[in-house]
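Undergrad: Sharing work.txt here; it has compact mmCIF, C-alpha atoms and all ligand atoms.
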# COMPACT_ATOMS: atom_id res chain seq x y z
CA MET P 1 44.48 10.23 -4.82
CA SER P 2 44.11 7.93 -7.84
CA ARG P 3 45.83 8.80 -11.11
CA ASP P 4 42.44 9.47 -12.75
CA ASN P 5 41.40 11.82 -9.96
CA ALA P 6 44.76 13.62 -10.14
CA GLN P 7 44.37 14.11 -13.89
CA GLU P 8 40.82 15.36 -13.43
CA SER P 9 41.92 17.82 -10.74
CA GLU P 10 44.65 19.10 -13.02
CA ALA P 11 42.16 19.61 -15.89
CA ILE P 12 39.81 21.53 -13.59
CA ARG P 13 42.66 23.63 -12.25
CA GLN P 14 43.71 24.54 -15.81
CA HIS P 15 40.14 25.43 -16.76
CA TRP P 16 39.67 27.81 -13.83
CA ASP P 17 43.18 29.27 -13.96
CA ALA P 18 42.53 30.16 -17.62
CA LYS P 19 39.21 31.82 -16.75
CA TYR P 20 40.77 33.99 -14.07
CA HIS P 21 43.84 34.68 -16.22
CA VAL P 22 42.03 35.77 -19.39
CA THR P 23 39.21 37.87 -17.91
CA PRO P 24 39.48 40.58 -15.24
CA PHE P 25 37.69 39.37 -12.11
CA GLU P 26 35.20 42.26 -12.23
CA CYS P 27 34.06 41.01 -15.66
CA LEU P 28 33.51 37.36 -14.73
CA SER P 29 29.84 36.40 -14.55
CA TRP P 30 29.97 35.38 -10.87
CA TYR P 31 31.67 38.60 -9.68
CA GLN P 32 29.98 40.46 -6.85
CA SER P 33 31.25 43.76 -5.50
CA VAL P 34 29.46 42.89 -2.26
CA PRO P 35 28.67 39.24 -1.40
CA GLN P 36 25.32 40.34 -0.07
CA GLU P 37 23.41 37.10 0.49
CA SER P 38 26.48 35.40 2.03
CA LEU P 39 26.92 38.26 4.49
CA ARG P 40 23.24 38.26 5.31
CA LEU P 41 23.37 34.54 6.11
CA VAL P 42 26.51 34.94 8.23
CA GLU P 43 24.91 37.72 10.22
CA ALA P 44 21.55 35.94 10.59
CA ALA P 45 23.28 32.79 11.86
CA GLY P 46 25.25 34.82 14.40
CA ILE P 47 28.59 33.28 13.43
CA ALA P 48 31.08 34.28 16.15
CA ARG P 49 34.04 36.43 15.14
CA ASP P 50 36.50 33.76 16.29
CA ALA P 51 34.71 30.87 14.58
CA PRO P 52 36.73 29.02 11.92
CA VAL P 53 35.13 29.83 8.57
CA ILE P 54 35.99 28.30 5.23
CA ASP P 55 35.01 29.62 1.80
CA ALA P 56 35.06 26.45 -0.32
CA GLY P 57 35.86 27.38 -3.90
CA GLY P 58 36.05 30.99 -2.82
CA GLY P 59 38.27 31.96 -5.74
CA ALA P 60 38.90 35.70 -5.87
CA SER P 61 35.61 36.50 -4.07
CA LEU P 62 35.46 39.50 -1.77
CA LEU P 63 33.86 37.42 0.96
CA ALA P 64 37.09 36.57 2.82
CA GLU P 65 38.27 40.16 2.61
CA THR P 66 34.93 41.46 3.88
CA LEU P 67 34.82 38.96 6.73
CA VAL P 68 38.31 40.05 7.83
CA GLN P 69 37.16 43.68 7.71
CA LEU P 70 34.21 42.71 9.90
CA GLY P 71 36.57 41.23 12.49
CA TYR P 72 36.49 37.53 11.61
CA MET P 73 39.76 36.09 12.84
CA ASP P 74 39.91 32.59 11.37
CA VAL P 75 39.11 32.68 7.66
CA THR P 76 40.27 30.09 5.11
CA VAL P 77 39.78 30.14 1.35
CA VAL P 78 40.20 26.93 -0.63
CA ASP P 79 40.20 26.97 -4.41
CA CYS P 80 41.68 24.86 -7.19
CA SER P 81 42.85 28.00 -9.02
CA ARG P 82 46.12 29.48 -7.83
CA GLN P 83 45.46 32.38 -10.18
CA ALA P 84 42.22 33.24 -8.34
CA LEU P 85 43.80 32.97 -4.90
CA ASP P 86 46.76 35.12 -5.95
CA GLU P 87 44.39 37.76 -7.26
CA ALA P 88 42.46 37.91 -3.98
CA ARG P 89 45.68 37.95 -1.98
CA PHE P 90 47.15 40.75 -4.06
CA ARG P 91 43.97 42.80 -3.76
CA MET P 92 43.99 42.49 0.04
CA GLY P 93 47.59 43.64 0.40
CA ALA P 94 49.04 43.31 3.90
CA SER P 95 45.80 42.04 5.40
CA ALA P 96 45.96 38.98 3.13
CA SER P 97 48.14 37.35 5.79
CA ARG P 98 45.03 37.20 8.00
CA VAL P 99 43.49 34.62 5.66
CA ALA P 100 44.68 31.05 5.07
CA TRP P 101 44.84 30.49 1.30
CA ILE P 102 44.83 26.87 0.20
CA CYS P 103 45.09 25.70 -3.39
CA ALA P 104 43.32 22.35 -3.53
CA ASP P 105 40.55 20.39 -5.15
CA ILE P 106 37.64 20.67 -2.75
CA ARG P 107 36.68 17.05 -3.48
CA THR P 108 39.88 15.80 -1.89
CA PHE P 109 40.50 18.62 0.59
CA ARG P 110 41.07 17.54 4.19
CA SER P 111 41.91 19.67 7.17
CA ALA P 112 42.93 19.08 10.77
CA LYS P 113 40.89 22.16 11.61
CA LYS P 114 37.13 21.68 11.99
CA TYR P 115 35.15 24.57 10.59
CA SER P 116 32.12 26.16 12.22
CA LEU P 117 31.00 27.50 8.86
CA TRP P 118 31.49 26.02 5.41
CA HIS P 119 30.48 28.56 2.74
CA ASP P 120 30.13 27.65 -0.92
CA ARG P 121 28.78 29.99 -3.56
CA ALA P 122 28.51 28.49 -7.03
CA VAL P 123 30.88 25.54 -6.59
CA PHE P 124 28.79 22.56 -5.49
CA HIS P 125 26.58 22.99 -8.55
CA PHE P 126 29.57 21.97 -10.72
CA MET P 127 29.48 18.56 -9.06
CA THR P 128 27.39 17.00 -11.79
CA SER P 129 28.24 13.32 -11.28
CA GLU P 130 27.35 11.05 -8.38
CA ASP P 131 31.04 10.55 -7.75
CA ASP P 132 31.74 14.32 -7.62
CA ARG P 133 28.96 14.84 -5.13
CA ARG P 134 30.02 11.88 -2.99
CA ARG P 135 33.59 13.20 -2.82
CA TYR P 136 32.49 16.79 -2.13
CA LEU P 137 30.22 15.64 0.71
CA ALA P 138 33.02 13.50 2.14
CA SER P 139 35.18 16.65 2.29
CA LEU P 140 32.39 18.59 3.95
CA ASP P 141 31.84 15.76 6.43
CA ALA P 142 35.55 15.58 7.24
CA CYS P 143 36.02 19.33 7.70
CA LEU P 144 32.83 20.53 9.38
CA ASP P 145 32.68 20.79 13.14
CA ASP P 146 30.01 18.67 14.83
CA ASP P 147 27.97 21.82 15.51
CA GLY P 148 28.95 23.50 12.27
CA MET P 149 26.73 24.70 9.48
CA ALA P 150 27.10 24.86 5.73
CA PHE P 151 25.78 27.59 3.44
CA ILE P 152 25.49 26.24 -0.09
CA GLY P 153 24.59 28.64 -2.90
CA THR P 154 23.71 27.07 -6.25
CA PHE P 155 21.85 28.07 -9.36
CA ALA P 156 18.14 27.69 -8.69
CA VAL P 157 15.96 25.44 -10.85
CA ASN P 158 15.10 28.51 -12.97
CA GLY P 159 18.75 29.58 -13.10
CA PRO P 160 21.27 29.06 -15.93
CA GLU P 161 22.12 25.56 -17.10
CA ARG P 162 25.80 26.37 -17.52
CA CYS P 163 28.41 28.54 -15.87
CA SER P 164 31.89 29.33 -17.10
CA GLY P 165 31.34 26.98 -20.06
CA LEU P 166 30.57 24.03 -17.78
CA PRO P 167 27.27 22.28 -17.11
CA VAL P 168 25.78 22.75 -13.66
CA GLN P 169 23.18 20.94 -11.58
CA ARG P 170 20.42 23.32 -10.50
CA TYR P 171 18.68 22.81 -7.17
CA ASP P 172 15.59 23.41 -5.13
CA ALA P 173 15.19 22.49 -1.47
CA GLU P 174 13.76 19.05 -2.13
CA LEU P 175 16.41 18.01 -4.62
CA ILE P 176 19.39 19.17 -2.60
CA SER P 177 17.99 17.75 0.67
CA GLY P 178 18.02 14.33 -0.94
CA VAL P 179 21.62 14.74 -2.06
CA PHE P 180 22.86 15.92 1.36
CA ALA P 181 20.93 13.23 3.27
CA PRO P 182 21.46 11.28 5.38
CA ARG P 183 24.47 13.03 6.90
CA PHE P 184 23.15 16.60 6.62
CA GLU P 185 19.72 18.09 7.09
CA LEU P 186 18.34 21.22 5.51
CA VAL P 187 17.66 23.96 8.05
CA SER P 188 16.52 26.78 5.78
CA SER P 189 16.66 28.07 2.23
CA SER P 190 16.38 31.41 0.48
CA ASP P 191 16.45 32.83 -3.03
CA ALA P 192 18.74 35.50 -4.38
CA ARG P 193 19.06 37.15 -7.77
CA HIS P 194 22.57 37.84 -9.01
CA LEU P 195 23.15 40.68 -11.44
CA THR P 196 26.12 39.77 -13.63
CA PRO P 197 28.65 42.37 -14.83
CA THR P 198 27.03 42.26 -18.29
CA GLY P 199 23.64 43.12 -16.82
CA SER P 200 21.90 39.75 -17.03
CA THR P 201 20.34 38.10 -14.00
CA GLN P 202 20.93 34.65 -12.52
CA GLU P 203 18.58 33.02 -10.03
CA PHE P 204 20.41 31.52 -7.08
CA ALA P 205 19.11 29.31 -4.28
CA TRP P 206 20.80 29.24 -0.90
CA PHE P 207 20.59 26.32 1.49
CA THR P 208 21.72 26.02 5.10
CA PHE P 209 22.65 22.55 6.32
CA ARG P 210 23.59 21.09 9.68
CA ARG P 211 24.64 17.61 10.60
CA THR P 212 21.76 15.24 11.14
CA ASN P 213 21.29 13.96 14.74
CA ARG P 214 23.73 16.30 16.38
C1 LIG F 1 31.68 30.33 -10.27
S1 LIG F 1 33.16 30.48 -9.40
C2 LIG F 1 32.62 31.08 -7.80
C3 LIG F 1 33.76 31.64 -7.00
C4 LIG F 1 33.35 32.23 -5.64
N1 LIG F 1 32.71 31.24 -4.81
C5 LIG F 1 32.49 33.44 -5.82
O1 LIG F 1 31.32 33.43 -5.45
O2 LIG F 1 33.03 34.44 -6.35
C6 LIG F 1 33.58 28.79 -9.03
C7 LIG F 1 34.85 28.66 -8.25
O3 LIG F 1 35.03 27.31 -7.87
C8 LIG F 1 36.37 26.94 -8.05
N2 LIG F 1 36.34 25.49 -8.25
C9 LIG F 1 35.70 24.79 -9.22
N3 LIG F 1 35.86 23.47 -9.04
C10 LIG F 1 36.62 23.33 -7.92
C11 LIG F 1 37.13 22.21 -7.21
N4 LIG F 1 36.87 20.97 -7.62
N5 LIG F 1 37.89 22.43 -6.12
C12 LIG F 1 38.15 23.70 -5.70
N6 LIG F 1 37.70 24.79 -6.32
C13 LIG F 1 36.93 24.61 -7.42
C14 LIG F 1 36.82 27.75 -9.25
O4 LIG F 1 38.20 27.92 -9.35
C15 LIG F 1 36.09 29.06 -9.01
O5 LIG F 1 36.86 29.94 -8.24
Using the file provided, produce a representation of the structure as structure tokens.

TA:
Amino acid sequence: MSRDNAQESEAIRQHWDAKYHVTPFECLSWYQSVPQESLRLVEAAGIARDAPVIDAGGGASLLAETLVQLGYMDVTVVDCSRQALDEARFRMGASASRVAWICADIRTFRSAKKYSLWHDRAVFHFMTSEDDRRRYLASLDACLDDDGMAFIGTFAVNGPERCSGLPVQRYDAELISGVFAPRFELVSSSDARHLTPTGSTQEFAWFTFRRTNR
């Protein structure tokens, strides 16, 4: 990793650690008591219980915990915030050992394991530069199994312009297809409305990708 990239990763880590440190998770805008759309997509895709699943930028989300409760046996959470991962681990208690927790910048993350499912809710949309997106997609390319699929949840084009004090890139199917091409092709998309803990709503768009020319 270059010195510039290392400094950038450190700045991002500090930003997100501070967010999770200062505000209880249940009060953060992205908190969901049930990760409903993610679970719906997992079920609809028929992801096998022994399939390696990664929640990229999963933070303190309840997705990993819920997947373990549903019998998923190979769940990994990657996030740049140690604070977020520790919170999720603590909440899960003894069953936390059934999840692999990795503190890393998703843009440089590499894994010997190839994942059948890459899940990302509200992380890719922070990749606002060409370089961010190129590095994120290189990680996805390196970590996804040949037959794997990726669920990417971003703010929709009528969603908020910022999240957690940071600008985001909002997407519709056409825009994100162009960004993920040529290595990944869009299989399906759906909309979901997120109700934040303060009672406002955020429009999300979900996209399922597979490798092109499998
Ligand atoms: C809006 S939160 C969403 C968290 C989780 N996906 C959820 O739905 O609850 C964004 C998450 O992405 C993580 N994140 C942001 N940039 C990252 C990066 N470059 N590498 C790894 N994690 C990152 C943050 O720490 C945070 O947990």

Undergrad: Any idea what's packed within 10 Å of range 131-148 of chain P, counting only C-alpha atoms, ignoring anything in its chain fewer than 5 positions away? Could you give it as an NGL selection string?

TA: :P and (47 or 51-54 or 56 or 105-118 or 123-126 or 179-181 or 183-184 or 209-214)

Undergrad: Using all atoms listed in the file, find each residue of chain P with at least one atom at most 6 Å away from an atom of ligand LIG 1 (chain F); report its shortest atom-to-atom pair and that distance in Å (one decimal), sort the rows by chain and rising residue number, and return the result as a tab-separated table.

TA:
residue	atom	partner	partner_atom	distance
P:Trp16	CA	F:LIG1	O4	4.7
P:Trp30	CA	F:LIG1	C1	5.4
P:Tyr31	CA	F:LIG1	O2	5.5
P:Gly57	CA	F:LIG1	N6	4.0
P:Gly58	CA	F:LIG1	N1	3.9
P:Gly59	CA	F:LIG1	O5	3.5
P:Ser61	CA	F:LIG1	O2	4.0
P:Asp79	CA	F:LIG1	N6	3.8
P:Cys80	CA	F:LIG1	C12	4.0
P:Ser81	CA	F:LIG1	O4	4.7
P:Ala104	CA	F:LIG1	C12	5.8
P:Asp105	CA	F:LIG1	N5	3.5
P:Ile106	CA	F:LIG1	N5	3.8
P:Arg107	CA	F:LIG1	N4	5.7
P:Asp120	CA	F:LIG1	N1	5.9
P:Arg121	CA	F:LIG1	N1	4.3
P:Ala122	CA	F:LIG1	C1	4.9
P:Val123	CA	F:LIG1	O3	4.7

Undergrad: Write the residues of the selection above to a file with C-alpha atoms, as a PDB file, in the coordinates of the input.

TA:
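In the end it all went to out36.pdb:
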ATOM      1  CA  TRP P  16      39.670  27.810 -13.830  1.00  0.00           C
ATOM      2  CA  TRP P  30      29.970  35.380 -10.870  1.00  0.00           C
ATOM      3  CA  TYR P  31      31.670  38.600  -9.680  1.00  0.00           C
ATOM      4  CA  GLY P  57      35.860  27.380  -3.900  1.00  0.00           C
ATOM      5  CA  GLY P  58      36.050  30.990  -2.820  1.00  0.00           C
ATOM      6  CA  GLY P  59      38.270  31.960  -5.740  1.00  0.00           C
ATOM      7  CA  SER P  61      35.610  36.500  -4.070  1.00  0.00           C
ATOM      8  CA  ASP P  79      40.200  26.970  -4.410  1.00  0.00           C
ATOM      9  CA  CYS P  80      41.680  24.860  -7.190  1.00  0.00           C
ATOM     10  CA  SER P  81      42.850  28.000  -9.020  1.00  0.00           C
ATOM     11  CA  ALA P 104      43.320  22.350  -3.530  1.00  0.00           C
ATOM     12  CA  ASP P 105      40.550  20.390  -5.150  1.00  0.00           C
ATOM     13  CA  ILE P 106      37.640  20.670  -2.750  1.00  0.00           C
ATOM     14  CA  ARG P 107      36.680  17.050  -3.480  1.00  0.00           C
ATOM     15  CA  ASP P 120      30.130  27.650  -0.920  1.00  0.00           C
ATOM     16  CA  ARG P 121      28.780  29.990  -3.560  1.00  0.00           C
ATOM     17  CA  ALA P 122      28.510  28.490  -7.030  1.00  0.00           C
ATOM     18  CA  VAL P 123      30.880  25.540  -6.590  1.00  0.00           C
TER      19      VAL P 123
END

Undergrad: Do you have the CA of Arg89 in chain P-CA of Ala64 in chain P distance handy?

TA: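 Distance between the two atoms: 9.9 Å.
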
Undergrad: Of the residues P:Ser9, P:Thr66, P:Ser2, P:Ser188, which is the one nearest to Ser33 in chain P, using all atoms listed in the file?

TA: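 Distance minimum relative to Ser33 in chain P lands on P:Thr66.
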
Undergrad: Mind giving me the straight-line distance from CA of Asp50 in chain P to CA of Arg98 in chain P in Å, one decimal?

TA: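 Answer for the CA of Asp50 in chain P to CA of Arg98 in chain P separation: 12.4 Å.
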
Undergrad: Restricting the calculation to all atoms listed in the file: of P:Glu174, P:Glu87, P:Asp191, P:Glu185, which residue gets closest to His21 in chain P?

TA: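 Closest to His21 in chain P, using all atoms listed in the file: P:Glu87.
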
Undergrad: Would you work out the distance separating CA of Thr201 in chain P from CA of Gln36 in chain P, expressed in Å to one decimal?

TA: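 CA of Thr201 in chain P sits 15.0 Å away from CA of Gln36 in chain P.
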
Undergrad: Residues within 12 Å of Gln83 in chain P, please, as a ChimeraX atom specification. Count only C-alpha atoms; anything in the same chain fewer than 4 positions from it doesn't count.

TA: /P:13-25,59-60,79,87-90,101-103

Undergrad: Taking into account only C-alpha atoms, which residue in the set P:Thr76, P:Ala205, P:Ser164, P:His194 is nearest to Pro35 in chain P?

TA: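 Distance minimum relative to Pro35 in chain P lands on P:His194.
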
Undergrad: Looking at P:Ser129, P:Leu195, P:Tyr72, P:Cys27, which one is nearest to Gly46 in chain P, with distances taken over all atoms listed in the file?

TA: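 The shortest atom-to-atom distance to Gly46 in chain P comes from P:Tyr72.
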
Undergrad: For range 48-67 of chain P, I'd like the enclosing box, axis-aligned and padded by 5 Å on every side, reported as AutoDock Vina command-line options with centre and edge lengths in Å to one decimal.

TA:
--center_x 35.0 --center_y 34.0 --center_z 5.2 --size_x 17.8 --size_y 25.0 --size_z 32.2

Undergrad: Mind listing as an MDAnalysis selection string all residues within 12 Å of (23.7, 38.9, 5.7), counting all atoms listed in the file?

TA: chainID P and resid 34:47 63 66:67 70 151 190 192

Undergrad: Skipping near chain neighbours, those fewer than 2 positions away, what residues fall within 9 Å of Val168 in chain P using all atoms listed in the file, listed as a compact mmCIF listing (two decimals) with C-alpha atoms, in the coordinates of the input?

TA:
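Final file, selection.txt:
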# COMPACT_ATOMS: atom_id res chain seq x y z
CA PHE P 124 28.79 22.56 -5.49
CA HIS P 125 26.58 22.99 -8.55
CA PHE P 126 29.57 21.97 -10.72
CA MET P 127 29.48 18.56 -9.06
CA THR P 128 27.39 17.00 -11.79
CA THR P 154 23.71 27.07 -6.25
CA PHE P 155 21.85 28.07 -9.36
CA PRO P 160 21.27 29.06 -15.93
CA GLU P 161 22.12 25.56 -17.10
CA ARG P 162 25.80 26.37 -17.52
CA CYS P 163 28.41 28.54 -15.87
CA LEU P 166 30.57 24.03 -17.78
CA ARG P 170 20.42 23.32 -10.50

Undergrad: Closest to Thr198 in chain P among P:Leu85, P:His119, P:Leu28, P:Pro167, using all atoms listed in the file?

TA: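 Closest residue, counting all atoms listed in the file: P:Leu28.
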
Undergrad: Will you model N, CA and C atoms for range 158-180 of chain P and pass it back as a PDB file, keeping the file's coordinate frame?

TA:
ATOM      1  N   ASN P 158      15.342  27.602 -11.835  1.00  0.00           N
ATOM      2  CA  ASN P 158      15.100  28.510 -12.970  1.00  0.00           C
ATOM      3  C   ASN P 158      16.340  29.350 -13.288  1.00  0.00           C
ATOM      4  N   GLY P 159      17.485  28.901 -12.805  1.00  0.00           N
ATOM      5  CA  GLY P 159      18.750  29.580 -13.100  1.00  0.00           C
ATOM      6  C   GLY P 159      19.393  29.026 -14.365  1.00  0.00           C
ATOM      7  N   PRO P 160      20.596  29.517 -14.708  1.00  0.00           N
ATOM      8  CA  PRO P 160      21.270  29.060 -15.930  1.00  0.00           C
ATOM      9  C   PRO P 160      21.632  27.567 -15.860  1.00  0.00           C
ATOM     10  N   GLU P 161      21.753  26.976 -17.044  1.00  0.00           N
ATOM     11  CA  GLU P 161      22.120  25.560 -17.100  1.00  0.00           C
ATOM     12  C   GLU P 161      23.631  25.373 -17.149  1.00  0.00           C
ATOM     13  N   ARG P 162      24.340  26.446 -17.436  1.00  0.00           N
ATOM     14  CA  ARG P 162      25.800  26.370 -17.520  1.00  0.00           C
ATOM     15  C   ARG P 162      26.414  27.578 -16.828  1.00  0.00           C
ATOM     16  N   CYS P 163      27.655  27.409 -16.432  1.00  0.00           N
ATOM     17  CA  CYS P 163      28.410  28.540 -15.870  1.00  0.00           C
ATOM     18  C   CYS P 163      29.864  28.345 -16.280  1.00  0.00           C
ATOM     19  N   SER P 164      30.482  29.400 -16.741  1.00  0.00           N
ATOM     20  CA  SER P 164      31.890  29.330 -17.100  1.00  0.00           C
ATOM     21  C   SER P 164      32.153  28.225 -18.138  1.00  0.00           C
ATOM     22  N   GLY P 165      31.180  27.993 -19.012  1.00  0.00           N
ATOM     23  CA  GLY P 165      31.340  26.980 -20.060  1.00  0.00           C
ATOM     24  C   GLY P 165      31.139  25.557 -19.589  1.00  0.00           C
ATOM     25  N   LEU P 166      30.751  25.379 -18.335  1.00  0.00           N
ATOM     26  CA  LEU P 166      30.570  24.030 -17.780  1.00  0.00           C
ATOM     27  C   LEU P 166      29.107  23.804 -17.419  1.00  0.00           C
ATOM     28  N   PRO P 167      28.644  22.566 -17.540  1.00  0.00           N
ATOM     29  CA  PRO P 167      27.270  22.280 -17.110  1.00  0.00           C
ATOM     30  C   PRO P 167      27.160  22.346 -15.600  1.00  0.00           C
ATOM     31  N   VAL P 168      25.998  22.738 -15.110  1.00  0.00           N
ATOM     32  CA  VAL P 168      25.780  22.750 -13.660  1.00  0.00           C
ATOM     33  C   VAL P 168      24.509  21.961 -13.340  1.00  0.00           C
ATOM     34  N   GLN P 169      24.418  21.537 -12.105  1.00  0.00           N
ATOM     35  CA  GLN P 169      23.180  20.940 -11.580  1.00  0.00           C
ATOM     36  C   GLN P 169      22.449  22.027 -10.811  1.00  0.00           C
ATOM     37  N   ARG P 170      21.209  22.291 -11.200  1.00  0.00           N
ATOM     38  CA  ARG P 170      20.420  23.320 -10.500  1.00  0.00           C
ATOM     39  C   ARG P 170      19.602  22.654  -9.396  1.00  0.00           C
ATOM     40  N   TYR P 171      19.318  23.424  -8.342  1.00  0.00           N
ATOM     41  CA  TYR P 171      18.680  22.810  -7.170  1.00  0.00           C
ATOM     42  C   TYR P 171      17.496  23.608  -6.653  1.00  0.00           C
ATOM     43  N   ASP P 172      16.558  22.844  -6.077  1.00  0.00           N
ATOM     44  CA  ASP P 172      15.590  23.410  -5.130  1.00  0.00           C
ATOM     45  C   ASP P 172      15.768  22.655  -3.821  1.00  0.00           C
ATOM     46  N   ALA P 173      14.980  23.047  -2.818  1.00  0.00           N
ATOM     47  CA  ALA P 173      15.190  22.490  -1.470  1.00  0.00           C
ATOM     48  C   ALA P 173      15.015  20.968  -1.451  1.00  0.00           C
ATOM     49  N   GLU P 174      14.029  20.493  -2.166  1.00  0.00           N
ATOM     50  CA  GLU P 174      13.760  19.050  -2.130  1.00  0.00           C
ATOM     51  C   GLU P 174      14.900  18.261  -2.759  1.00  0.00           C
ATOM     52  N   LEU P 175      15.354  18.743  -3.896  1.00  0.00           N
ATOM     53  CA  LEU P 175      16.410  18.010  -4.620  1.00  0.00           C
ATOM     54  C   LEU P 175      17.708  17.981  -3.818  1.00  0.00           C
ATOM     55  N   ILE P 176      18.097  19.141  -3.287  1.00  0.00           N
ATOM     56  CA  ILE P 176      19.390  19.170  -2.600  1.00  0.00           C
ATOM     57  C   ILE P 176      19.312  18.455  -1.242  1.00  0.00           C
ATOM     58  N   SER P 177      18.139  18.490  -0.611  1.00  0.00           N
ATOM     59  CA  SER P 177      17.990  17.750   0.670  1.00  0.00           C
ATOM     60  C   SER P 177      18.291  16.279   0.457  1.00  0.00           C
ATOM     61  N   GLY P 178      17.801  15.746  -0.647  1.00  0.00           N
ATOM     62  CA  GLY P 178      18.020  14.330  -0.940  1.00  0.00           C
ATOM     63  C   GLY P 178      19.487  14.025  -1.160  1.00  0.00           C
ATOM     64  N   VAL P 179      20.192  14.964  -1.781  1.00  0.00           N
ATOM     65  CA  VAL P 179      21.620  14.740  -2.060  1.00  0.00           C
ATOM     66  C   VAL P 179      22.440  14.814  -0.766  1.00  0.00           C
ATOM     67  N   PHE P 180      22.077  15.730   0.120  1.00  0.00           N
ATOM     68  CA  PHE P 180      22.860  15.920   1.360  1.00  0.00           C
ATOM     69  C   PHE P 180      22.474  14.911   2.453  1.00  0.00           C
TER      70      PHE P 180
END
